[in-house]
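target34.tsv follows (TSV, C-alpha atoms and all ligand atoms):
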```tsv
chain	number	residue	atom	x	y	z
A	99	MET	CA	-29.11	-43.61	40.78
A	100	SER	CA	-32.62	-43.39	42.10
A	101	LYS	CA	-35.77	-45.05	40.87
A	102	LEU	CA	-37.95	-42.99	38.54
A	103	ILE	CA	-41.56	-42.75	39.68
A	104	ASP	CA	-43.59	-43.03	36.48
A	105	GLY	CA	-46.59	-40.77	37.11
A	106	LYS	CA	-47.71	-41.02	33.50
A	107	ALA	CA	-47.97	-44.82	33.67
A	108	PHE	CA	-49.72	-44.72	37.06
A	109	ALA	CA	-52.17	-42.10	35.71
A	110	ASP	CA	-52.86	-44.26	32.64
A	111	ARG	CA	-53.64	-47.28	34.84
A	112	LEU	CA	-55.93	-45.23	37.09
A	113	CYS	CA	-57.72	-43.84	34.03
A	114	ASP	CA	-58.17	-47.35	32.57
A	115	LYS	CA	-59.94	-48.41	35.77
A	116	LEU	CA	-62.05	-45.24	35.75
A	117	ALA	CA	-63.03	-45.86	32.11
A	118	ASP	CA	-64.35	-49.30	33.10
A	119	GLU	CA	-66.24	-47.76	36.00
A	120	VAL	CA	-67.75	-45.04	33.78
A	121	ALA	CA	-68.87	-47.69	31.27
A	122	SER	CA	-70.69	-49.66	33.96
A	123	LEU	CA	-72.25	-46.52	35.49
A	124	LYS	CA	-73.68	-45.72	32.06
A	125	GLN	CA	-74.79	-49.30	31.40
A	126	ASP	CA	-76.16	-50.31	34.80
A	127	LYS	CA	-77.15	-47.02	36.44
A	128	GLN	CA	-77.95	-44.77	33.46
A	129	LEU	CA	-75.45	-42.32	34.96
A	130	SER	CA	-73.18	-40.31	32.64
A	131	PRO	CA	-70.51	-38.48	34.68
A	132	CYS	CA	-70.14	-34.93	33.38
A	133	ILE	CA	-67.73	-32.08	34.17
A	134	ALA	CA	-68.08	-28.43	33.17
A	135	VAL	CA	-64.72	-26.76	32.53
A	136	VAL	CA	-64.74	-22.97	32.63
A	137	LEU	CA	-61.90	-20.97	31.11
A	138	VAL	CA	-61.89	-17.18	31.41
A	139	GLY	CA	-59.52	-15.26	29.15
A	140	GLU	CA	-56.75	-16.20	26.75
A	141	ASP	CA	-53.83	-17.46	28.86
A	142	PRO	CA	-52.08	-19.93	26.49
A	143	ALA	CA	-50.87	-22.27	29.29
A	144	SER	CA	-54.41	-22.44	30.73
A	145	ALA	CA	-55.84	-23.26	27.30
A	146	THR	CA	-53.30	-26.12	26.97
A	147	TYR	CA	-54.21	-27.56	30.38
A	148	VAL	CA	-57.94	-27.32	29.68
A	149	GLY	CA	-57.35	-29.12	26.36
A	150	ALA	CA	-55.53	-31.93	28.18
A	151	LYS	CA	-58.40	-32.28	30.68
A	152	VAL	CA	-61.07	-32.40	27.96
A	153	ARG	CA	-59.07	-35.05	26.03
A	154	ARG	CA	-58.77	-37.24	29.14
A	155	CYS	CA	-62.53	-36.96	29.69
A	156	ALA	CA	-63.21	-38.12	26.14
A	157	GLN	CA	-60.86	-41.08	26.62
A	158	LEU	CA	-62.72	-42.17	29.77
A	159	GLY	CA	-66.24	-41.61	28.43
A	160	ILE	CA	-66.80	-38.68	30.81
A	161	ASP	CA	-68.89	-35.90	29.26
A	162	SER	CA	-67.22	-32.51	29.31
A	163	ARG	CA	-68.75	-29.13	28.63
A	164	SER	CA	-66.35	-26.32	27.88
A	165	HIS	CA	-67.31	-22.74	28.67
A	166	HIS	CA	-64.84	-20.24	27.28
A	167	LEU	CA	-65.54	-16.72	28.52
A	168	ASP	CA	-64.00	-13.47	27.35
A	169	ASP	CA	-61.15	-11.98	29.42
A	170	THR	CA	-63.36	-8.94	30.18
A	171	THR	CA	-66.01	-11.14	31.86
A	172	SER	CA	-67.24	-9.64	35.14
A	173	GLU	CA	-67.34	-11.52	38.42
A	174	ALA	CA	-71.14	-11.31	38.37
A	175	GLU	CA	-71.30	-12.95	34.94
A	176	LEU	CA	-69.04	-15.78	36.04
A	177	LEU	CA	-71.04	-16.25	39.28
A	178	SER	CA	-74.22	-16.42	37.22
A	179	LEU	CA	-72.76	-19.22	35.03
A	180	ILE	CA	-71.67	-21.11	38.17
A	181	ASP	CA	-75.19	-20.76	39.56
A	182	ASP	CA	-76.61	-22.31	36.37
A	183	LEU	CA	-74.09	-25.18	36.54
A	184	ASN	CA	-74.80	-25.75	40.27
A	185	ASN	CA	-78.49	-26.13	39.41
A	186	ASP	CA	-77.96	-28.36	36.36
A	187	PRO	CA	-78.55	-31.97	37.48
A	188	GLU	CA	-76.63	-33.30	34.47
A	189	VAL	CA	-73.42	-31.53	35.56
A	190	HIS	CA	-71.58	-33.35	38.37
A	191	GLY	CA	-68.30	-31.46	38.46
A	192	ILE	CA	-67.37	-27.80	37.96
A	193	LEU	CA	-63.80	-26.64	37.36
A	194	VAL	CA	-62.92	-22.98	36.91
A	195	GLN	CA	-59.41	-22.90	35.50
A	196	LEU	CA	-57.09	-20.71	37.59
A	197	PRO	CA	-55.81	-18.03	37.45
A	198	VAL	CA	-58.84	-15.90	36.56
A	199	PRO	CA	-58.45	-12.30	35.26
A	200	LYS	CA	-57.80	-9.68	37.91
A	201	GLN	CA	-61.30	-8.13	37.96
A	202	ILE	CA	-62.55	-11.46	39.36
A	203	ASN	CA	-62.04	-12.52	42.99
A	204	SER	CA	-61.02	-16.18	42.78
A	205	ASP	CA	-62.08	-16.94	46.39
A	206	ALA	CA	-65.60	-15.68	45.67
A	207	VAL	CA	-65.75	-17.87	42.56
A	208	ILE	CA	-64.39	-21.00	44.25
A	209	ASN	CA	-66.78	-20.63	47.19
A	210	ALA	CA	-69.76	-20.15	44.85
A	211	ILE	CA	-69.31	-23.68	43.46
A	212	SER	CA	-71.47	-26.27	45.18
A	213	PRO	CA	-69.03	-28.18	47.45
A	214	ASP	CA	-70.26	-31.51	46.06
A	215	LYS	CA	-69.45	-30.35	42.49
A	216	ASP	CA	-66.10	-28.81	43.51
A	217	VAL	CA	-63.87	-31.39	41.82
A	218	ASP	CA	-60.79	-29.23	42.53
A	219	GLY	CA	-61.46	-29.52	46.27
A	220	PHE	CA	-60.80	-25.79	46.73
A	221	HIS	CA	-64.13	-24.77	48.34
A	222	ILE	CA	-63.71	-23.64	51.93
A	223	SER	CA	-66.02	-26.41	53.17
A	224	ASN	CA	-63.93	-29.08	51.39
A	225	VAL	CA	-60.79	-27.53	52.88
A	226	GLY	CA	-62.37	-27.70	56.35
A	227	ALA	CA	-63.54	-31.26	55.77
A	228	LEU	CA	-59.99	-32.32	54.82
A	229	SER	CA	-58.50	-30.64	57.88
A	230	VAL	CA	-60.75	-32.63	60.26
A	231	GLY	CA	-60.46	-35.92	58.36
A	232	GLN	CA	-63.95	-35.85	56.84
A	233	ASN	CA	-62.54	-35.85	53.32
A	234	ASN	CA	-65.01	-34.93	50.59
A	235	MET	CA	-63.45	-33.60	47.37
A	236	VAL	CA	-59.65	-33.66	47.85
A	237	PRO	CA	-57.41	-31.37	45.73
A	238	CYS	CA	-56.11	-33.27	42.69
A	239	THR	CA	-52.36	-32.56	42.83
A	240	PRO	CA	-51.92	-33.55	46.50
A	241	LEU	CA	-54.19	-36.58	46.05
A	242	GLY	CA	-52.19	-37.75	43.04
A	243	SER	CA	-48.91	-37.16	44.89
A	244	LEU	CA	-50.15	-39.22	47.85
A	245	MET	CA	-51.14	-42.08	45.53
A	246	LEU	CA	-47.60	-42.13	44.09
A	247	LEU	CA	-46.06	-42.06	47.57
A	248	GLN	CA	-48.23	-44.93	48.83
A	249	ASP	CA	-47.48	-46.95	45.71
A	250	GLU	CA	-43.76	-46.40	46.23
A	251	LEU	CA	-43.50	-46.71	50.03
A	252	GLY	CA	-46.61	-48.52	51.25
A	253	ASP	CA	-47.41	-47.39	54.80
A	254	LEU	CA	-46.22	-43.82	55.38
A	255	SER	CA	-46.72	-43.88	59.14
A	256	GLY	CA	-43.92	-42.26	61.19
A	257	LYS	CA	-42.00	-40.94	58.20
A	258	ASN	CA	-40.58	-37.43	58.23
A	259	ALA	CA	-42.32	-35.50	55.46
A	260	VAL	CA	-41.23	-32.02	54.46
A	261	VAL	CA	-43.53	-30.03	52.18
A	262	VAL	CA	-41.80	-27.01	50.68
A	263	GLY	CA	-44.51	-24.49	49.77
A	264	ARG	CA	-47.64	-23.39	51.62
A	265	SER	CA	-50.17	-22.71	48.86
A	266	ASN	CA	-53.85	-23.47	49.32
A	267	ILE	CA	-53.88	-25.65	46.20
A	268	VAL	CA	-50.83	-27.84	46.92
A	269	GLY	CA	-48.74	-27.24	50.06
A	270	LYS	CA	-51.45	-27.03	52.72
A	271	PRO	CA	-53.68	-29.89	51.47
A	272	MET	CA	-50.56	-32.04	50.86
A	273	ALA	CA	-49.51	-31.51	54.48
A	274	ALA	CA	-53.04	-32.40	55.67
A	275	LEU	CA	-53.02	-35.67	53.68
A	276	LEU	CA	-49.56	-36.65	54.94
A	277	LEU	CA	-50.64	-35.91	58.52
A	278	GLN	CA	-53.68	-38.17	58.01
A	279	GLN	CA	-51.20	-40.89	57.01
A	280	SER	CA	-49.40	-40.35	60.33
A	281	CYS	CA	-46.31	-38.71	58.90
A	282	THR	CA	-44.40	-36.17	60.98
A	283	VAL	CA	-45.07	-33.16	58.78
A	284	THR	CA	-43.07	-29.97	58.36
A	285	ILE	CA	-44.35	-27.20	56.11
A	286	ALA	CA	-41.37	-25.16	54.95
A	287	HIS	CA	-41.56	-21.96	52.91
A	288	SER	CA	-39.71	-18.84	51.80
A	289	ARG	CA	-39.17	-17.63	55.39
A	290	THR	CA	-37.97	-20.97	56.74
A	291	GLN	CA	-34.56	-20.72	58.44
A	292	ASP	CA	-31.87	-23.04	57.05
A	293	LEU	CA	-34.17	-24.65	54.49
A	294	PRO	CA	-31.43	-27.02	53.18
A	295	GLU	CA	-31.02	-28.52	56.67
A	296	VAL	CA	-34.81	-28.86	57.11
A	297	CYS	CA	-35.01	-30.67	53.76
A	298	ARG	CA	-32.14	-33.00	54.74
A	299	GLY	CA	-34.37	-34.37	57.51
A	300	ALA	CA	-37.01	-35.51	55.02
A	301	ASP	CA	-37.76	-39.15	54.23
A	302	ILE	CA	-40.45	-37.69	51.95
A	303	LEU	CA	-39.74	-34.37	50.27
A	304	VAL	CA	-42.52	-32.60	48.36
A	305	ALA	CA	-41.39	-29.58	46.35
A	306	ALA	CA	-44.17	-27.12	45.51
A	307	VAL	CA	-42.60	-23.69	45.32
A	308	GLY	CA	-42.83	-22.79	41.63
A	309	ILE	CA	-39.14	-21.92	41.25
A	310	PRO	CA	-37.18	-23.90	38.65
A	311	HIS	CA	-34.44	-26.17	40.08
A	312	PHE	CA	-34.82	-24.58	43.53
A	313	ILE	CA	-34.18	-27.75	45.57
A	314	GLN	CA	-30.51	-28.74	45.34
A	315	GLY	CA	-29.06	-32.25	45.30
A	316	ASP	CA	-27.25	-31.80	48.62
A	317	TRP	CA	-30.54	-30.83	50.34
A	318	ILE	CA	-31.78	-34.38	49.86
A	319	LYS	CA	-31.34	-37.18	52.38
A	320	PRO	CA	-29.81	-40.24	50.68
A	321	GLY	CA	-32.60	-42.67	49.84
A	322	ALA	CA	-35.42	-40.12	50.30
A	323	THR	CA	-38.54	-40.17	48.13
A	324	VAL	CA	-38.87	-36.89	46.22
A	325	ILE	CA	-42.13	-35.62	44.73
A	326	ASP	CA	-41.58	-32.68	42.38
A	327	VAL	CA	-44.80	-30.72	41.90
A	328	GLY	CA	-43.18	-27.88	39.95
A	329	ILE	CA	-44.23	-27.16	36.36
A	330	ASN	CA	-41.87	-24.42	35.16
A	331	ARG	CA	-41.26	-23.46	31.56
A	332	ILE	CA	-37.67	-22.29	31.08
A	333	TYR	CA	-35.61	-21.41	28.03
A	334	ASP	CA	-32.94	-24.05	27.48
A	335	GLU	CA	-29.84	-22.39	25.98
A	336	ALA	CA	-28.42	-25.69	24.71
A	337	LEU	CA	-31.67	-26.84	23.10
A	338	GLU	CA	-32.49	-23.28	21.96
A	339	LYS	CA	-36.13	-23.78	22.98
A	340	ASN	CA	-38.46	-23.81	25.97
A	341	ARG	CA	-38.48	-26.84	28.21
A	342	LEU	CA	-40.52	-27.97	31.21
A	343	VAL	CA	-38.60	-28.38	34.49
A	344	GLY	CA	-39.58	-29.03	38.09
A	345	ASP	CA	-38.73	-27.31	41.37
A	346	VAL	CA	-35.97	-29.86	42.01
A	347	ASP	CA	-32.51	-29.92	40.38
A	348	PHE	CA	-33.35	-33.31	38.90
A	349	ASP	CA	-29.92	-34.28	37.56
A	350	ALA	CA	-28.31	-33.77	40.97
A	351	ALA	CA	-31.25	-35.14	42.98
A	352	LYS	CA	-31.47	-38.41	41.06
A	353	GLU	CA	-27.97	-39.32	42.28
A	354	VAL	CA	-29.06	-39.02	45.93
A	355	ALA	CA	-32.78	-39.80	46.22
A	356	GLY	CA	-34.19	-43.30	46.58
A	357	ALA	CA	-37.00	-42.47	44.18
A	358	ILE	CA	-38.05	-39.30	42.39
A	359	THR	CA	-40.80	-38.07	40.08
A	360	PRO	CA	-39.66	-36.59	36.76
A	361	VAL	CA	-41.04	-33.42	35.16
A	362	PRO	CA	-42.78	-33.90	32.80
A	363	GLY	CA	-44.30	-37.34	33.36
A	364	GLY	CA	-44.58	-37.25	37.14
A	365	VAL	CA	-47.17	-35.38	39.17
A	366	GLY	CA	-48.74	-33.47	36.22
A	367	PRO	CA	-50.51	-36.48	34.66
A	368	MET	CA	-51.66	-37.55	38.15
A	369	THR	CA	-53.36	-34.17	38.65
A	370	ILE	CA	-55.52	-34.75	35.59
A	371	ALA	CA	-56.19	-38.42	36.48
A	372	CYS	CA	-57.35	-37.35	39.96
A	373	LEU	CA	-59.64	-34.76	38.40
A	374	MET	CA	-61.26	-37.65	36.54
A	375	TYR	CA	-61.38	-39.65	39.79
A	376	ASN	CA	-63.08	-36.76	41.62
A	377	THR	CA	-65.58	-36.31	38.78
A	378	VAL	CA	-66.63	-39.98	38.89
A	379	ARG	CA	-66.91	-39.78	42.69
A	380	ALA	CA	-68.98	-36.58	42.48
A	381	ALA	CA	-71.35	-38.17	39.95
A	382	LYS	CA	-71.81	-41.27	42.15
A	383	ASN	CA	-72.36	-39.15	45.28
A	384	GLN	CA	-74.98	-37.02	43.53
A	385	ALA	CA	-76.74	-40.14	42.25
A	386	GLY	CA	-76.67	-41.73	45.71
A	387	ILE	CA	-74.39	-44.59	44.61
A	388	ALA	CA	-71.93	-45.79	47.28
B	401	LIG	N1	-58.88	-24.91	38.77
B	401	LIG	C1	-57.67	-25.38	38.43
B	401	LIG	N2	-57.35	-26.68	38.66
B	401	LIG	C2	-56.14	-27.18	38.31
B	401	LIG	O1	-55.87	-28.38	38.55
B	401	LIG	C3	-55.19	-26.32	37.67
B	401	LIG	C4	-55.57	-24.99	37.44
B	401	LIG	N3	-56.79	-24.55	37.84
B	401	LIG	N4	-54.71	-24.13	36.84
B	401	LIG	C5	-53.42	-24.55	36.36
B	401	LIG	C6	-52.88	-25.75	37.12
B	401	LIG	C7	-51.81	-26.51	36.40
B	401	LIG	N5	-52.31	-27.85	36.23
B	401	LIG	C8	-51.65	-28.88	35.55
B	401	LIG	C9	-52.23	-30.08	35.25
B	401	LIG	C10	-51.57	-31.04	34.51
B	401	LIG	C11	-50.29	-30.82	34.05
B	401	LIG	C12	-49.62	-31.86	33.22
B	401	LIG	O2	-50.21	-32.85	32.84
B	401	LIG	N6	-48.32	-31.69	32.87
B	401	LIG	C13	-47.59	-32.61	32.02
B	401	LIG	C14	-46.88	-31.88	30.90
B	401	LIG	C15	-47.76	-30.94	30.15
B	401	LIG	C16	-46.96	-30.08	29.18
B	401	LIG	O3	-46.12	-30.61	28.44
B	401	LIG	O4	-47.19	-28.85	29.21
B	401	LIG	C17	-46.53	-33.33	32.83
B	401	LIG	O5	-46.12	-32.81	33.88
B	401	LIG	O6	-46.08	-34.39	32.39
B	401	LIG	C18	-49.68	-29.64	34.36
B	401	LIG	C19	-50.34	-28.68	35.10
B	401	LIG	C20	-53.57	-27.91	36.73
B	401	LIG	N7	-53.94	-26.75	37.25
```
Turn this file's structure into structure tokens for me.
Amino acid sequence: MSKLIDGKAFADRLCDKLADEVASLKQDKQLSPCIAVVLVGEDPASATYVGAKVRRCAQLGIDSRSHHLDDTTSEAELLSLIDDLNNDPEVHGILVQLPVPKQINSDAVINAISPDKDVDGFHISNVGALSVGQNNMVPCTPLGSLMLLQDELGDLSGKNAVVVGRSNIVGKPMAALLLQQSCTVTIAHSRTQDLPEVCRGADILVAAVGIPHFIQGDWIKPGATVIDVGINRIYDEALEKNRLVGDVDFDAAKEVAGAITPVPGGVGPMTIACLMYNTVRAAKNQAGIA
């Protein structure tokens, strides 16, 4: 039986520290960190995630401004709101919840956000900065995953890390962070030949494919550390209701892995905690505080 990596508890501890920091920024520097959260359309999952982010902000004393736009909003209208938020000195972070409706080009929207307010770390200049080691805003899910890995393993140098999934929001930035930590990094994906064998070489296995229970127990090297980024809602026949599962077959994997993140309670809470972390950092940067 492997050790459970408690992402929820780690996220709570990180948020406690951030709450203290926010209180002293307000007290000593008259700085109130503030994030604008933009939701376009009526996707129920997106509304739930935005709600969770706004609640975390309130808990930490971070101001949040919610902008809920109609699902028929044009790209020009959204770009105009982003322009206003870029120019508002009281707003330090801007998050446009993804996905956006199909009439809107998400790359255009992401790249319209001022890189210093891009608390998701998705702007092309933040992506470039990460790739050359000049990290500015780092994407929240990979950052949170790295924090869990370092807490679990200490120095990651020389370890074989396999990232399954090559998305811009998780797979690629995760690989960049692991490479910065001197891991030997493999990015595997849907076209990878003999994926099970590639995974079996991993001391660190990060699953970010978006397919429920995709990674099998016998793909895991005994003792490996497994980070399950998947958030998949499936219908559970036995429970007769929907349930959240990861990209890893958890019940099988926990018999083999050295340590593993559960879903829920693993990477998900870290994503939101790192959004708070990035917002506090953005506010300090914009105020010229080291
Ligand atoms: N611009 C943008 N930035 C994002 O960071 C972003 C986004 N768009 N679009 C959607 C995804 C998804 N995402 C999650 C965050 C937290 C949990 C989370 O806290 N999950 C809980 C369970 C929540 C539940 O029960 O539904 C957990 O895993 O324990 C999940 C998913 C952020 N996203």
TODO: Residues within 7 Å of ligand LIG 401 (chain B) should be enumerated using all atoms listed in the file and returned as a PyMOL selection string.
DONE: chain A and resi 106+144+147+193-197+218+238-239+329+342+361-367+369-370
Open item on the list: Between A:Val296, A:Gly191, A:Thr171, A:Gly159, which residue has the minimum interatomic distance to Leu373 (chain A), considering all atoms listed in the file?
Closed with: A:Gly191
Open item on the list: For a test of reading the model, state the distance in Å between CA of Cys372 (chain A) and CA of Asn330 (chain A), rounded to one decimal.
Closed with: 20.7 Å
Open item on the list: I'd like to know which of A:Asn258, A:Thr359, A:Thr290, A:Gln278 is closest to Ala305 (chain A), using all atoms listed in the file.
Closed with: A:Thr359
Open item on the list: Need the shell around Gly226 (chain A): protein/DNA/RNA residues with any atom at most 12 Å away, counting all atoms listed in the file. Skip same-chain ones fewer than 3 positions apart. Format as a list in words?
Closed with: Pro213, Gly219, Phe220, His221, Ile222, Ser223, Ser229, Val230, Gly231, Gln232, Asn233, Asn234, Met235, Val236, Asn266, Lys270, Pro271 and Ala274 of chain A
Which residues, written as a CSV table (one decimal) with C-alpha atoms, in the frame of the given file, have at least one atom at most 9 Å from Gly344 (chain A), with all atoms listed in the file counted and residues fewer than 2 positions away on the same chain left out?
```csv
chain,number,residue,atom,x,y,z
A,305,ALA,CA,-41.4,-29.6,46.4
A,306,ALA,CA,-44.2,-27.1,45.5
A,308,GLY,CA,-42.8,-22.8,41.6
A,309,ILE,CA,-39.1,-21.9,41.2
A,310,PRO,CA,-37.2,-23.9,38.6
A,311,HIS,CA,-34.4,-26.2,40.1
A,312,PHE,CA,-34.8,-24.6,43.5
A,326,ASP,CA,-41.6,-32.7,42.4
A,327,VAL,CA,-44.8,-30.7,41.9
A,328,GLY,CA,-43.2,-27.9,40.0
A,329,ILE,CA,-44.2,-27.2,36.4
A,330,ASN,CA,-41.9,-24.4,35.2
A,331,ARG,CA,-41.3,-23.5,31.6
A,342,LEU,CA,-40.5,-28.0,31.2
A,346,VAL,CA,-36.0,-29.9,42.0
A,347,ASP,CA,-32.5,-29.9,40.4
A,348,PHE,CA,-33.4,-33.3,38.9
A,360,PRO,CA,-39.7,-36.6,36.8
A,361,VAL,CA,-41.0,-33.4,35.2
A,362,PRO,CA,-42.8,-33.9,32.8
```
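Relative to CA of Leu251 (chain A), CA of Val354 (chain A) is found at 16.9 Å.
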Task: Point-to-point distance in Å for CA of Val198 (chain A) and CA of Pro131 (chain A) - done: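 Calculated distance between CA of Pro131 (chain A) and CA of Val198 (chain A) is 25.5 Å.
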- [ ] Please return, as a ChimeraX atom specification, all polymer residues that have at least one atom within 12 Å of the point (-36.9, -33.3, 62.5); use only C-alpha atoms and the file's own coordinate frame.
- [x] /A:256-260,281-286,295-302
TODO: Can you pull out every residue within 12 Å of region 114-127 of chain A, counting only C-alpha atoms, but drop anything in the same chain fewer than 6 positions away, and send it as an MDAnalysis selection string?
DONE: chainID A and resid 107:108 154:161 371:379 381:382 385:388
Task: For Gly105 (chain A), the nearest of the candidates A:Met368, A:Ala210, A:Val135, A:Ala174, counting only C-alpha atoms - done: A:Met368
Task: Residue among A:Cys132, A:Leu167, A:Asn203, A:Asn224 lying closest to Asp186 (chain A), counting all atoms listed in the file - done: A:Cys132
- [ ] Would you please work out which residue, of A:Ile267, A:Ala380, A:Ala357, A:Leu244, is nearest to Val189 (chain A) when using all atoms listed in the file?
- [x]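 Nearest to Val189 (chain A): A:Ala380.
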Starting from 8 Å padding per side, set up an axis-aligned box that covers all listed atoms of region 209-220 of chain A and hand over centre and edge lengths in Å, one decimal, as JSON.
```
{"center_x": -66.1, "center_y": -25.8, "center_z": 44.6, "size_x": 26.7, "size_y": 27.4, "size_z": 21.6}
```
- [ ] Rank nothing, just name the residue among A:Asp181, A:Asp214, A:Glu140, A:Asp104 nearest to Ala227 (chain A), using all atoms listed in the file.
- [x]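 Closest candidate: A:Asp214.
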Task: All residues 9 Å or closer to Pro294 (chain A), all atoms listed in the file, same chain fewer than 2 positions away omitted, as an MDAnalysis selection string - done: chainID A and resid 291:292 296:298 313:314 316:318
